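*Asks:* What follows is query.pdb; its format and atoms are PDB, C-alpha atoms.
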```pdb
ATOM      1  CA  MET A   1     -26.284  18.136  10.266
ATOM      2  CA  LEU A   2     -27.953  18.850  13.609
ATOM      3  CA  PHE A   3     -24.773  20.675  14.619
ATOM      4  CA  THR A   4     -25.191  22.985  11.635
ATOM      5  CA  ASP A   5     -28.907  23.412  12.370
ATOM      6  CA  TYR A   6     -28.058  24.781  15.817
ATOM      7  CA  LEU A   7     -25.355  26.986  14.352
ATOM      8  CA  ALA A   8     -27.735  28.374  11.736
ATOM      9  CA  ASN A   9     -30.633  28.912  14.138
ATOM     10  CA  TYR A  10     -28.694  30.714  16.861
ATOM     11  CA  CYS A  11     -25.603  32.209  15.214
ATOM     12  CA  PHE A  12     -26.053  32.542  11.462
ATOM     13  CA  PRO A  13     -29.781  32.692  10.623
ATOM     14  CA  LYS A  14     -29.020  33.763   7.023
ATOM     15  CA  MET A  15     -26.842  30.744   6.285
ATOM     16  CA  SER A  16     -27.446  29.451   2.756
ATOM     17  CA  GLY A  17     -27.992  25.837   1.826
ATOM     18  CA  LEU A  18     -24.473  25.530   0.408
ATOM     19  CA  GLU A  19     -22.935  27.095   3.512
ATOM     20  CA  HIS A  20     -24.992  24.728   5.664
ATOM     21  CA  TRP A  21     -23.588  21.741   3.787
ATOM     22  CA  LEU A  22     -20.001  23.060   3.860
ATOM     23  CA  VAL A  23     -20.138  23.407   7.645
ATOM     24  CA  SER A  24     -21.518  19.864   7.916
ATOM     25  CA  PHE A  25     -18.753  18.636   5.605
ATOM     26  CA  ALA A  26     -16.065  20.309   7.722
ATOM     27  CA  LEU A  27     -17.452  18.698  10.867
ATOM     28  CA  ILE A  28     -17.555  15.278   9.196
ATOM     29  CA  ALA A  29     -13.947  15.720   8.047
ATOM     30  CA  PHE A  30     -12.865  16.566  11.619
ATOM     31  CA  VAL A  31     -14.570  13.468  13.022
ATOM     32  CA  MET A  32     -13.007  11.314  10.297
ATOM     33  CA  TRP A  33      -9.595  12.646  11.329
ATOM     34  CA  LEU A  34     -10.256  11.709  14.953
ATOM     35  CA  ASN A  35     -11.221   8.180  13.939
ATOM     36  CA  VAL A  36      -8.206   7.722  11.697
ATOM     37  CA  ARG A  37      -6.088   8.516  14.766
ATOM     38  CA  GLY A  38      -7.539   5.451  16.527
ATOM     39  CA  ILE A  39      -9.898   4.357  19.291
ATOM     40  CA  GLN A  40      -7.834   5.964  22.079
ATOM     41  CA  MET A  41      -8.148   9.386  20.451
ATOM     42  CA  VAL A  42     -11.869   8.810  19.866
ATOM     43  CA  GLY A  43     -12.331   7.778  23.498
ATOM     44  CA  LYS A  44     -10.493  10.812  24.862
ATOM     45  CA  ALA A  45     -12.524  13.146  22.668
ATOM     46  CA  ALA A  46     -15.780  11.420  23.665
ATOM     47  CA  THR A  47     -14.948  11.793  27.372
ATOM     48  CA  ALA A  48     -14.199  15.495  26.953
ATOM     49  CA  PHE A  49     -17.416  16.021  24.984
ATOM     50  CA  GLU A  50     -19.554  14.259  27.585
ATOM     51  CA  ILE A  51     -18.087  16.132  30.551
ATOM     52  CA  PHE A  52     -18.789  19.430  28.810
ATOM     53  CA  ILE A  53     -22.363  18.387  27.956
ATOM     54  CA  PHE A  54     -23.208  17.467  31.540
ATOM     55  CA  VAL A  55     -22.438  20.943  32.934
ATOM     56  CA  PRO A  56     -25.373  22.844  31.346
ATOM     57  CA  VAL A  57     -27.642  19.795  31.541
ATOM     58  CA  ILE A  58     -27.199  19.511  35.318
ATOM     59  CA  ALA A  59     -27.615  23.284  35.733
ATOM     60  CA  MET A  60     -30.810  23.248  33.667
ATOM     61  CA  VAL A  61     -32.273  20.336  35.625
ATOM     62  CA  VAL A  62     -31.513  21.870  39.038
ATOM     63  CA  LEU A  63     -32.786  25.344  38.149
ATOM     64  CA  GLY A  64     -35.803  23.991  36.284
ATOM     65  CA  LEU A  65     -36.985  21.753  39.117
ATOM     66  CA  ALA A  66     -36.488  24.611  41.590
ATOM     67  CA  ARG A  67     -38.960  26.683  39.514
ATOM     68  CA  TRP A  68     -41.632  24.031  39.033
ATOM     69  CA  HIS A  69     -44.876  25.749  37.956
ATOM     70  CA  HIS A  70     -46.493  23.355  35.436
ATOM     71  CA  ASN A  71     -47.508  19.727  35.162
ATOM     72  CA  PRO A  72     -44.958  18.308  32.660
ATOM     73  CA  PHE A  73     -47.305  15.459  31.696
ATOM     74  CA  VAL A  74     -50.235  17.651  30.593
ATOM     75  CA  PRO A  75     -51.138  17.192  27.869
ATOM     76  CA  LEU A  76     -49.719  13.704  27.535
ATOM     77  CA  VAL A  77     -50.472  13.770  23.791
ATOM     78  CA  PRO A  78     -50.798  17.014  21.784
ATOM     79  CA  PRO A  79     -54.500  17.668  21.130
ATOM     80  CA  ASN A  80     -55.979  17.836  17.653
ATOM     81  CA  ARG A  81     -53.279  15.539  16.294
ATOM     82  CA  PRO A  82     -53.851  11.915  15.214
ATOM     83  CA  PHE A  83     -52.447   9.535  17.792
ATOM     84  CA  ARG A  84     -50.758   7.534  15.057
ATOM     85  CA  ASP A  85     -48.743  10.522  13.866
ATOM     86  CA  VAL A  86     -47.702  11.577  17.354
ATOM     87  CA  PHE A  87     -46.850   8.083  18.523
ATOM     88  CA  GLY A  88     -45.028   7.150  15.322
ATOM     89  CA  VAL A  89     -42.783  10.204  15.326
ATOM     90  CA  GLY A  90     -42.082   9.914  19.055
ATOM     91  CA  LEU A  91     -41.221   6.240  18.814
ATOM     92  CA  ALA A  92     -38.972   6.830  15.823
ATOM     93  CA  LEU A  93     -37.146   9.573  17.717
ATOM     94  CA  GLY A  94     -36.793   7.352  20.794
ATOM     95  CA  ILE A  95     -35.347   4.497  18.776
ATOM     96  CA  TRP A  96     -32.904   6.864  17.132
ATOM     97  CA  LEU A  97     -31.807   8.276  20.494
ATOM     98  CA  TYR A  98     -31.272   4.941  22.220
ATOM     99  CA  SER A  99     -30.094   2.720  19.369
ATOM    100  CA  GLY A 100     -26.608   1.642  18.452
ATOM    101  CA  TYR A 101     -25.426  -0.271  21.497
ATOM    102  CA  GLU A 102     -25.091  -3.516  19.520
ATOM    103  CA  GLN A 103     -22.494  -1.789  17.335
ATOM    104  CA  LEU A 104     -20.035  -1.981  20.222
ATOM    105  CA  SER A 105     -19.213  -5.493  19.036
ATOM    106  CA  SER A 106     -17.552  -4.105  15.904
ATOM    107  CA  VAL A 107     -14.728  -2.537  17.940
ATOM    108  CA  ALA A 108     -14.359  -5.280  20.568
ATOM    109  CA  GLU A 109     -10.974  -6.230  19.103
ATOM    110  CA  GLU A 110      -9.644  -2.776  19.968
ATOM    111  CA  VAL A 111     -10.996  -2.830  23.546
ATOM    112  CA  GLU A 112      -9.045  -4.284  26.442
ATOM    113  CA  ASN A 113     -10.935  -7.184  28.076
ATOM    114  CA  PRO A 114     -14.313  -6.445  26.419
ATOM    115  CA  GLN A 115     -16.046  -9.285  28.307
ATOM    116  CA  ARG A 116     -15.577  -7.306  31.502
ATOM    117  CA  THR A 117     -15.404  -3.755  30.143
ATOM    118  CA  TYR A 118     -18.622  -3.766  28.098
ATOM    119  CA  PRO A 119     -21.075  -4.931  30.793
ATOM    120  CA  ARG A 120     -19.638  -2.483  33.302
ATOM    121  CA  ALA A 121     -19.691   0.391  30.811
ATOM    122  CA  LEU A 122     -23.277  -0.347  29.745
ATOM    123  CA  ALA A 123     -24.414  -0.538  33.373
ATOM    124  CA  MET A 124     -23.247   3.058  33.788
ATOM    125  CA  VAL A 125     -23.937   4.527  30.343
ATOM    126  CA  VAL A 126     -27.526   3.338  29.779
ATOM    127  CA  PRO A 127     -28.970   4.924  32.967
ATOM    128  CA  LEU A 128     -26.981   8.097  32.284
ATOM    129  CA  SER A 129     -28.349   8.233  28.739
ATOM    130  CA  LEU A 130     -31.904   7.884  30.005
ATOM    131  CA  ALA A 131     -31.372  10.613  32.580
ATOM    132  CA  THR A 132     -29.654  12.928  30.089
ATOM    133  CA  PHE A 133     -32.604  12.843  27.695
ATOM    134  CA  PHE A 134     -35.460  12.676  30.206
ATOM    135  CA  LEU A 135     -34.508  14.996  33.054
ATOM    136  CA  PRO A 136     -33.833  18.219  31.068
ATOM    137  CA  THR A 137     -37.088  17.748  29.143
ATOM    138  CA  PHE A 138     -38.985  17.076  32.361
ATOM    139  CA  ALA A 139     -37.443  20.088  34.147
ATOM    140  CA  ALA A 140     -38.042  22.424  31.208
ATOM    141  CA  LEU A 141     -41.694  21.460  30.817
ATOM    142  CA  ALA A 142     -42.223  21.712  34.585
ATOM    143  CA  SER A 143     -40.705  25.187  34.878
ATOM    144  CA  VAL A 144     -41.355  26.890  31.537
ATOM    145  CA  GLY A 145     -44.251  24.977  29.997
ATOM    146  CA  HIS A 146     -44.992  26.230  26.459
ATOM    147  CA  TRP A 147     -45.127  22.700  25.112
ATOM    148  CA  GLN A 148     -46.715  24.056  21.921
ATOM    149  CA  GLU A 149     -43.458  25.811  21.033
ATOM    150  CA  TRP A 150     -41.204  22.773  21.338
ATOM    151  CA  LYS A 151     -39.351  22.031  18.113
ATOM    152  CA  ASP A 152     -35.797  21.282  16.974
ATOM    153  CA  GLY A 153     -33.361  23.221  19.125
ATOM    154  CA  TYR A 154     -35.901  24.375  21.731
ATOM    155  CA  PHE A 155     -33.716  23.104  24.569
ATOM    156  CA  SER A 156     -31.578  26.227  24.187
ATOM    157  CA  THR A 157     -34.632  28.482  24.346
ATOM    158  CA  ALA A 158     -35.930  26.657  27.423
ATOM    159  CA  ALA A 159     -32.526  26.915  29.088
ATOM    160  CA  GLN A 160     -32.468  30.659  28.454
ATOM    161  CA  LEU A 161     -35.945  31.076  29.947
ATOM    162  CA  ILE A 162     -34.875  29.081  33.005
ATOM    163  CA  GLY A 163     -31.403  30.450  33.708
ATOM    164  CA  GLY A 164     -30.897  33.454  31.485
ATOM    165  CA  PRO A 165     -28.738  34.075  28.394
ATOM    166  CA  TRP A 166     -25.645  32.411  29.885
ATOM    167  CA  LEU A 167     -27.426  29.080  30.308
ATOM    168  CA  GLY A 168     -29.124  29.361  26.920
ATOM    169  CA  SER A 169     -25.796  29.946  25.177
ATOM    170  CA  LEU A 170     -24.121  27.168  27.128
ATOM    171  CA  MET A 171     -26.923  24.749  26.279
ATOM    172  CA  THR A 172     -26.654  25.645  22.591
ATOM    173  CA  ILE A 173     -22.941  24.893  22.633
ATOM    174  CA  ALA A 174     -23.569  21.675  24.579
ATOM    175  CA  ALA A 175     -26.192  20.569  22.049
ATOM    176  CA  MET A 176     -23.735  21.180  19.237
ATOM    177  CA  VAL A 177     -21.011  19.293  21.086
ATOM    178  CA  GLY A 178     -23.490  16.463  21.695
ATOM    179  CA  THR A 179     -24.058  16.018  17.977
ATOM    180  CA  VAL A 180     -20.300  15.881  17.443
ATOM    181  CA  ALA A 181     -20.007  13.212  20.151
ATOM    182  CA  LEU A 182     -22.800  11.195  18.543
ATOM    183  CA  LEU A 183     -21.196  11.346  15.108
ATOM    184  CA  ASN A 184     -17.812  10.526  16.628
ATOM    185  CA  SER A 185     -19.043   7.284  18.234
ATOM    186  CA  THR A 186     -21.161   6.343  15.212
ATOM    187  CA  VAL A 187     -18.185   6.588  12.864
ATOM    188  CA  LEU A 188     -16.092   4.486  15.247
ATOM    189  CA  THR A 189     -18.570   1.619  15.369
ATOM    190  CA  THR A 190     -19.766   1.598  11.755
ATOM    191  CA  THR A 191     -16.551   2.013   9.781
ATOM    192  CA  ARG A 192     -15.130  -1.265  11.067
ATOM    193  CA  MET A 193     -17.962  -3.203   9.412
ATOM    194  CA  PRO A 194     -16.955  -2.657   5.757
ATOM    195  CA  PHE A 195     -13.356  -3.311   6.797
ATOM    196  CA  VAL A 196     -14.232  -6.724   8.256
ATOM    197  CA  LEU A 197     -16.511  -7.581   5.328
ATOM    198  CA  ALA A 198     -13.657  -6.790   2.963
ATOM    199  CA  GLU A 199     -11.302  -8.987   4.993
ATOM    200  CA  ASP A 200     -13.789 -11.858   4.635
ATOM    201  CA  GLY A 201     -14.020 -11.283   0.886
ATOM    202  CA  TYR A 202     -17.504  -9.765   0.781
ATOM    203  CA  LEU A 203     -16.348  -6.288  -0.280
ATOM    204  CA  PRO A 204     -13.461  -5.052  -2.462
ATOM    205  CA  PRO A 205     -10.057  -5.793  -0.886
ATOM    206  CA  PHE A 206      -8.882  -2.159  -0.988
ATOM    207  CA  LEU A 207     -11.173  -1.508   2.003
ATOM    208  CA  THR A 208      -8.794  -3.599   4.150
ATOM    209  CA  GLY A 209      -6.139  -0.923   3.936
ATOM    210  CA  ARG A 210      -4.774   0.134   7.339
ATOM    211  CA  HIS A 211      -3.171   3.436   8.157
ATOM    212  CA  PRO A 212       0.630   2.922   8.265
ATOM    213  CA  ARG A 213       0.995   4.803  11.561
ATOM    214  CA  TYR A 214      -2.273   4.301  13.452
ATOM    215  CA  GLY A 215      -3.344   0.889  12.132
ATOM    216  CA  THR A 216      -6.933   2.041  11.581
ATOM    217  CA  PRO A 217      -9.071   1.165   8.519
ATOM    218  CA  TRP A 218      -8.579   4.626   7.079
ATOM    219  CA  ILE A 219      -9.916   3.886   3.600
ATOM    220  CA  ALA A 220     -13.193   2.550   4.999
ATOM    221  CA  ILE A 221     -13.367   5.596   7.283
ATOM    222  CA  LEU A 222     -12.890   8.044   4.402
ATOM    223  CA  ILE A 223     -15.467   6.329   2.191
ATOM    224  CA  SER A 224     -17.943   6.311   5.080
ATOM    225  CA  GLY A 225     -17.259  10.025   5.526
ATOM    226  CA  ALA A 226     -18.120  10.646   1.881
ATOM    227  CA  ILE A 227     -21.429   8.812   2.378
ATOM    228  CA  TYR A 228     -22.197  10.870   5.502
ATOM    229  CA  ALA A 229     -21.454  14.055   3.541
ATOM    230  CA  SER A 230     -23.950  13.042   0.849
ATOM    231  CA  LEU A 231     -26.603  12.326   3.486
ATOM    232  CA  ALA A 232     -26.052  15.806   4.947
ATOM    233  CA  LEU A 233     -27.928  17.161   1.936
ATOM    234  CA  HIS A 234     -31.196  15.895   3.481
ATOM    235  CA  THR A 235     -33.083  17.011   6.585
ATOM    236  CA  LEU A 236     -32.693  15.272   9.919
ATOM    237  CA  GLY A 237     -36.378  14.332  10.018
ATOM    238  CA  ASP A 238     -36.169  12.610   6.643
ATOM    239  CA  LEU A 239     -33.087  10.650   7.646
ATOM    240  CA  ILE A 240     -34.576   9.546  10.966
ATOM    241  CA  SER A 241     -37.733   8.315   9.217
ATOM    242  CA  ILE A 242     -35.715   6.134   6.844
ATOM    243  CA  TYR A 243     -33.249   5.125   9.551
ATOM    244  CA  VAL A 244     -35.973   3.653  11.730
ATOM    245  CA  TRP A 245     -36.878   1.124   9.035
ATOM    246  CA  LEU A 246     -33.262   0.089   8.586
ATOM    247  CA  ARG A 247     -32.814  -0.053  12.354
ATOM    248  CA  ALA A 248     -35.877  -2.279  12.609
ATOM    249  CA  ALA A 249     -34.385  -4.711  10.095
ATOM    250  CA  THR A 250     -31.068  -4.694  11.950
ATOM    251  CA  THR A 251     -32.817  -5.374  15.253
ATOM    252  CA  VAL A 252     -34.803  -8.300  13.865
ATOM    253  CA  MET A 253     -31.738  -9.924  12.314
ATOM    254  CA  THR A 254     -29.643  -9.371  15.423
ATOM    255  CA  VAL A 255     -32.037 -10.934  17.914
ATOM    256  CA  LEU A 256     -32.974 -13.797  15.591
ATOM    257  CA  SER A 257     -29.297 -14.549  15.001
ATOM    258  CA  ALA A 258     -28.927 -15.087  18.756
ATOM    259  CA  TRP A 259     -31.741 -17.632  18.613
ATOM    260  CA  GLY A 260     -30.265 -19.273  15.487
ATOM    261  CA  ILE A 261     -26.791 -19.629  16.953
ATOM    262  CA  ARG A 262     -28.165 -21.012  20.238
ATOM    263  CA  ARG A 263     -30.199 -23.584  18.288
ATOM    264  CA  LYS A 264     -27.502 -24.650  15.798
ATOM    265  CA  TYR A 265     -24.488 -24.503  18.094
ATOM    266  CA  PRO A 266     -25.698 -25.126  21.644
ATOM    267  CA  ASN A 267     -22.250 -26.147  22.917
ATOM    268  CA  LEU A 268     -20.278 -23.362  21.270
ATOM    269  CA  ALA A 269     -17.920 -21.547  23.637
ATOM    270  CA  ARG A 270     -19.173 -17.980  24.078
ATOM    271  CA  PRO A 271     -17.420 -14.991  25.657
ATOM    272  CA  PHE A 272     -20.917 -13.476  26.074
ATOM    273  CA  ARG A 273     -23.982 -15.580  26.813
ATOM    274  CA  ILE A 274     -27.575 -14.542  27.418
ATOM    275  CA  PRO A 275     -28.435 -15.771  30.936
ATOM    276  CA  GLY A 276     -31.652 -17.481  31.980
ATOM    277  CA  GLY A 277     -31.710 -20.355  29.482
ATOM    278  CA  ASN A 278     -34.603 -20.427  27.025
ATOM    279  CA  LEU A 279     -36.661 -18.000  29.126
ATOM    280  CA  GLY A 280     -33.855 -15.465  29.024
ATOM    281  CA  LEU A 281     -33.575 -15.900  25.271
ATOM    282  CA  VAL A 282     -37.318 -15.287  24.865
ATOM    283  CA  TYR A 283     -37.037 -12.173  27.024
ATOM    284  CA  VAL A 284     -34.275 -10.814  24.792
ATOM    285  CA  ILE A 285     -36.029 -11.625  21.491
ATOM    286  CA  VAL A 286     -39.755 -10.964  21.959
ATOM    287  CA  PRO A 287     -39.751  -7.310  23.184
ATOM    288  CA  PRO A 288     -37.533  -6.064  20.328
ATOM    289  CA  LEU A 289     -39.702  -7.894  17.789
ATOM    290  CA  ALA A 290     -42.841  -6.351  19.291
ATOM    291  CA  MET A 291     -41.230  -2.903  19.285
ATOM    292  CA  THR A 292     -40.199  -3.373  15.658
ATOM    293  CA  TYR A 293     -43.765  -4.187  14.646
ATOM    294  CA  ILE A 294     -45.138  -1.148  16.498
ATOM    295  CA  THR A 295     -42.483   1.077  14.935
ATOM    296  CA  LEU A 296     -43.325   0.027  11.392
ATOM    297  CA  ARG A 297     -47.062   0.011  12.059
ATOM    298  CA  TYR A 298     -47.070   3.612  13.285
ATOM    299  CA  SER A 299     -44.454   5.061  10.935
ATOM    300  CA  ASP A 300     -45.058   8.558   9.644
ATOM    301  CA  PRO A 301     -45.944   9.115   5.952
ATOM    302  CA  MET A 302     -42.330   9.860   5.014
ATOM    303  CA  ALA A 303     -41.135   6.574   6.498
ATOM    304  CA  LEU A 304     -43.982   4.617   4.915
ATOM    305  CA  ARG A 305     -43.118   6.079   1.532
ATOM    306  CA  TRP A 306     -39.362   5.531   1.536
ATOM    307  CA  GLY A 307     -38.727   2.945   4.273
ATOM    308  CA  PRO A 308     -39.775  -0.066   2.179
ATOM    309  CA  TRP A 309     -37.473   1.100  -0.612
ATOM    310  CA  ALA A 310     -34.592   1.299   1.841
ATOM    311  CA  LEU A 311     -35.320  -2.250   3.002
ATOM    312  CA  ALA A 312     -35.625  -3.452  -0.591
ATOM    313  CA  ALA A 313     -32.069  -2.281  -1.177
ATOM    314  CA  GLY A 314     -30.913  -4.975   1.280
ATOM    315  CA  PRO A 315     -31.295  -7.955  -1.096
ATOM    316  CA  VAL A 316     -29.588  -5.960  -3.847
ATOM    317  CA  VAL A 317     -26.628  -5.249  -1.584
ATOM    318  CA  TYR A 318     -26.595  -8.902  -0.510
ATOM    319  CA  PHE A 319     -26.194 -10.164  -4.072
ATOM    320  CA  VAL A 320     -23.520  -7.549  -4.729
ATOM    321  CA  VAL A 321     -21.435  -8.649  -1.741
ATOM    322  CA  LYS A 322     -21.971 -12.286  -2.697
ATOM    323  CA  TRP A 323     -20.559 -11.438  -6.119
ATOM    324  CA  PHE A 324     -17.476  -9.918  -4.499
ATOM    325  CA  ALA A 325     -17.115 -12.974  -2.258
ATOM    326  CA  ARG A 326     -17.307 -15.325  -5.259
ATOM    327  CA  ARG A 327     -14.720 -13.269  -7.126
ATOM    328  CA  ALA A 328     -12.421 -13.340  -4.107
ATOM    329  CA  ALA A 329     -12.805 -17.114  -3.771
ATOM    330  CA  GLU A 330     -12.063 -17.656  -7.471
ATOM    331  CA  LYS A 331      -8.978 -15.461  -7.225
ATOM    332  CA  ALA A 332      -7.771 -17.395  -4.175
ATOM    333  CA  ARG A 333      -8.176 -20.713  -6.002
ATOM    334  CA  SER A 334      -6.369 -19.485  -9.119
ATOM    335  CA  HIS A 335      -3.526 -17.898  -7.132
ATOM    336  CA  PRO A 336      -3.107 -20.102  -4.037
ATOM    337  CA  GLY A 337       0.299 -18.637  -3.183
ATOM    338  CA  ALA A 338      -0.710 -15.006  -3.482
TER     339      ALA A 338
END
```
Could the structure of this file be written out as structure tokens, please?
*Replies:*
Amino acid sequence: MLFTDYLANYCFPKMSGLEHWLVSFALIAFVMWLNVRGIQMVGKAATAFEIFIFVPVIAMVVLGLARWHHNPFVPLVPPNRPFRDVFGVGLALGIWLYSGYEQLSSVAEEVENPQRTYPRALAMVVPLSLATFFLPTFAALASVGHWQEWKDGYFSTAAQLIGGPWLGSLMTIAAMVGTVALLNSTVLTTTRMPFVLAEDGYLPPFLTGRHPRYGTPWIAILISGAIYASLALHTLGDLISIYVWLRAATTVMTVLSAWGIRRKYPNLARPFRIPGGNLGLVYVIVPPLAMTYITLRYSDPMALRWGPWALAAGPVVYFVVKWFARRAAEKARSHPGA
């Protein structure tokens, strides 16, 4: 969706709503194809995307800092705007930008030596992610200013003001490639979840279908793609507002599950273990819970209106998957040799 927004804003300003959705659909279909090909193909594509993105980002940071004329921290909060609105939207955007790392566990089976690979990869990726989001914004505000004009897609405008049309065009392409990379990794980590749930009997068994050549859960990938295509009918701001509530619920359940497993199964062998004993566990649990409360407390009106409904869908889905699990168990008992 954000890919198509950039395309419409800078290449095809007269793009209709249907054309906007068709472009989004084509992009989703391409990413689905990459994921059906397997994690190696996804990884190669992700590496190529990221290398391309870094070129204009580094150029923008270097040129922007060399032309420092403004204080990038003034104003710290836009004037004449309620703090709640500003803080809520900013926090929601930050959570959206930096969330998703826990989903790496869903593809651990397809990763060689994840106990060693994941910590090393996170040690490199997290600082790079912080720098990639912070430094271009910092350099642009310091060199160009015009904070009042910042909106979706303004990075390209700032890059053009800093380095000229070549950098503006390159940044636009990089932003579009970045959205493809984000969708690519999101599909990889989320489509394995319905596959595993189906294997455990919590979803219909047809979702366990594997591609005959690549061994990937292609049916789950295609169904997820159809859901993404339906969501592309909404604006990015609306989706982020709802997403934050669902992300908050996921965060709470994830960190509390760590506490529950440590309490119920203290001697369980663990490939990954939170260091520091009980103090380390508190450190891992309390900050996310506090952040979750702040996020929900300062949600924007859109999130407050629809977020609770999104959360309320959770119990409904739970009883549905329990029904599938009961049906699967009954079938297994009636056909033990099947």
*Asks:* Here's a test: counting only C-alpha atoms, identify every protein, DNA and RNA residue with an atom at most 6 Å from (-10.7, -5.7, 6.4) in the file's coordinate frame, and state them as a ChimeraX atom specification.
*Replies:* /A:195-196,198-199,208
*Asks:* Could you expand the PyMOL selection byres ((chain A and resi 62) around 12) into the explicit residues it covers here, written as an NGL selection string?
*Replies:* :A and (55-61 or 63-68 or 135-136 or 138-140 or 142-143 or 159 or 162-163)
*Asks:* Give me a file of those residues, with C-alpha atoms, as an mmCIF file, in the frame of the given file.
*Replies:*
```
data_model
loop_
_atom_site.group_PDB
_atom_site.id
_atom_site.type_symbol
_atom_site.label_atom_id
_atom_site.label_comp_id
_atom_site.auth_asym_id
_atom_site.auth_seq_id
_atom_site.Cartn_x
_atom_site.Cartn_y
_atom_site.Cartn_z
ATOM 1 C CA VAL A 55 -22.438 20.943 32.934
ATOM 2 C CA PRO A 56 -25.373 22.844 31.346
ATOM 3 C CA VAL A 57 -27.642 19.795 31.541
ATOM 4 C CA ILE A 58 -27.199 19.511 35.318
ATOM 5 C CA ALA A 59 -27.615 23.284 35.733
ATOM 6 C CA MET A 60 -30.810 23.248 33.667
ATOM 7 C CA VAL A 61 -32.273 20.336 35.625
ATOM 8 C CA LEU A 63 -32.786 25.344 38.149
ATOM 9 C CA GLY A 64 -35.803 23.991 36.284
ATOM 10 C CA LEU A 65 -36.985 21.753 39.117
ATOM 11 C CA ALA A 66 -36.488 24.611 41.590
ATOM 12 C CA ARG A 67 -38.960 26.683 39.514
ATOM 13 C CA TRP A 68 -41.632 24.031 39.033
ATOM 14 C CA LEU A 135 -34.508 14.996 33.054
ATOM 15 C CA PRO A 136 -33.833 18.219 31.068
ATOM 16 C CA PHE A 138 -38.985 17.076 32.361
ATOM 17 C CA ALA A 139 -37.443 20.088 34.147
ATOM 18 C CA ALA A 140 -38.042 22.424 31.208
ATOM 19 C CA ALA A 142 -42.223 21.712 34.585
ATOM 20 C CA SER A 143 -40.705 25.187 34.878
ATOM 21 C CA ALA A 159 -32.526 26.915 29.088
ATOM 22 C CA ILE A 162 -34.875 29.081 33.005
ATOM 23 C CA GLY A 163 -31.403 30.450 33.708
#
```
*Asks:* Go through A:Gly225, A:Ile95, A:Ala123, A:Asp5 one by one, measure the shortest atom-to-atom distance of each to Thr186 of chain A using all atoms listed in the file, and give the residue with the smallest value.
*Replies:*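 Ranking A:Gly225, A:Ile95, A:Ala123, A:Asp5 by distance to Thr186 of chain A, first place goes to A:Gly225.
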*Asks:* From the list A:Asn71, A:Tyr243, A:Thr172, A:Val144, which residue is nearest Ser156 of chain A when using only C-alpha atoms?
*Replies:*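 Answer, going by the shortest atom-to-atom distance: A:Thr172.
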*Asks:* Please report the interatomic distance between atom CA of Leu289 of chain A and atom CA of Arg120 of chain A in Å with one decimal.
*Replies:*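 Between these atoms lies a distance of 25.9 Å.
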*Asks:* Once the PyMOL selection byres ((chain A and resi 180) around 9) is applied to the coordinates I shared, what remains selected? I want it as an NGL selection string.
*Replies:* :A and (3 or 27-28 or 31 or 46 or 49 or 175-179 or 181-185)
*Asks:* Pick out the closest residue to Gln115 of chain A from this set: A:Lys14, A:Lys322, A:Arg333, A:Arg273. Count all atoms listed in the file.
*Replies:*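 Among A:Lys14, A:Lys322, A:Arg333, A:Arg273, it is A:Arg273 that comes nearest to Gln115 of chain A.
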*Asks:* Check which residues satisfy the PyMOL selection byres ((chain A and resi 91) around 10) in the file shown, then give them as a list in words.
*Replies:* Asp85, Val86, Phe87, Gly88, Val89, Gly90, Ala92, Leu93, Gly94, Ile95, Trp96, Leu97, Val244, Met291, Ile294, Thr295, Leu296, Tyr298 and Ser299 of chain A
*Asks:* Just the selected residues (C-alpha atoms), exported as a compact mmCIF listing (two decimals), in the coordinates of the input, please.
*Replies:*
```
# COMPACT_ATOMS: atom_id res chain seq x y z
CA ASP A 85 -48.74 10.52 13.87
CA VAL A 86 -47.70 11.58 17.35
CA PHE A 87 -46.85 8.08 18.52
CA GLY A 88 -45.03 7.15 15.32
CA VAL A 89 -42.78 10.20 15.33
CA GLY A 90 -42.08 9.91 19.06
CA ALA A 92 -38.97 6.83 15.82
CA LEU A 93 -37.15 9.57 17.72
CA GLY A 94 -36.79 7.35 20.79
CA ILE A 95 -35.35 4.50 18.78
CA TRP A 96 -32.90 6.86 17.13
CA LEU A 97 -31.81 8.28 20.49
CA VAL A 244 -35.97 3.65 11.73
CA MET A 291 -41.23 -2.90 19.28
CA ILE A 294 -45.14 -1.15 16.50
CA THR A 295 -42.48 1.08 14.94
CA LEU A 296 -43.32 0.03 11.39
CA TYR A 298 -47.07 3.61 13.28
CA SER A 299 -44.45 5.06 10.94
```
*Asks:* Give me the residues near Trp33 of chain A as a list of chain:residue names, where near means some atom within 9 Å (using all atoms listed in the file) and where sequence neighbours in that chain fewer than 4 positions away do not count.
*Replies:*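 Contacts, in chain order: A:Ile28, A:Ala29, A:Arg37, A:Ile221, A:Leu222.
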*Asks:* Just checking: using all atoms listed in the file, which residue out of A:Thr235, A:Asn35, A:Thr4, A:Asn113 ends up closest to Thr190 of chain A?
*Replies:*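 With all atoms listed in the file as the atom set, the closest residue is A:Asn35.
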*Asks:* Fewer than 2 positions away in the same chain doesn't count, so skip those; otherwise give me all residues within 6 Å of segment 304-309 of chain A, counting only C-alpha atoms, as a list in words.
*Replies:* Ile242, Trp245, Pro301, Met302, Leu311 and Ala312 of chain A
*Asks:* From the options A:Ala48, A:Ala290, A:Leu130, A:Leu161, which residue's atoms come nearest to His146 of chain A, counting only C-alpha atoms?
*Replies:*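 Of A:Ala48, A:Ala290, A:Leu130, A:Leu161, the one nearest His146 of chain A is A:Leu161, counting only C-alpha atoms.
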*Asks:* Between atom CA of Ser99 of chain A and atom CA of Ala121 of chain A, measure the distance and give it in Å to one decimal.
*Replies:*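 For atom CA of Ser99 of chain A relative to atom CA of Ala121 of chain A, the distance reads 15.6 Å.
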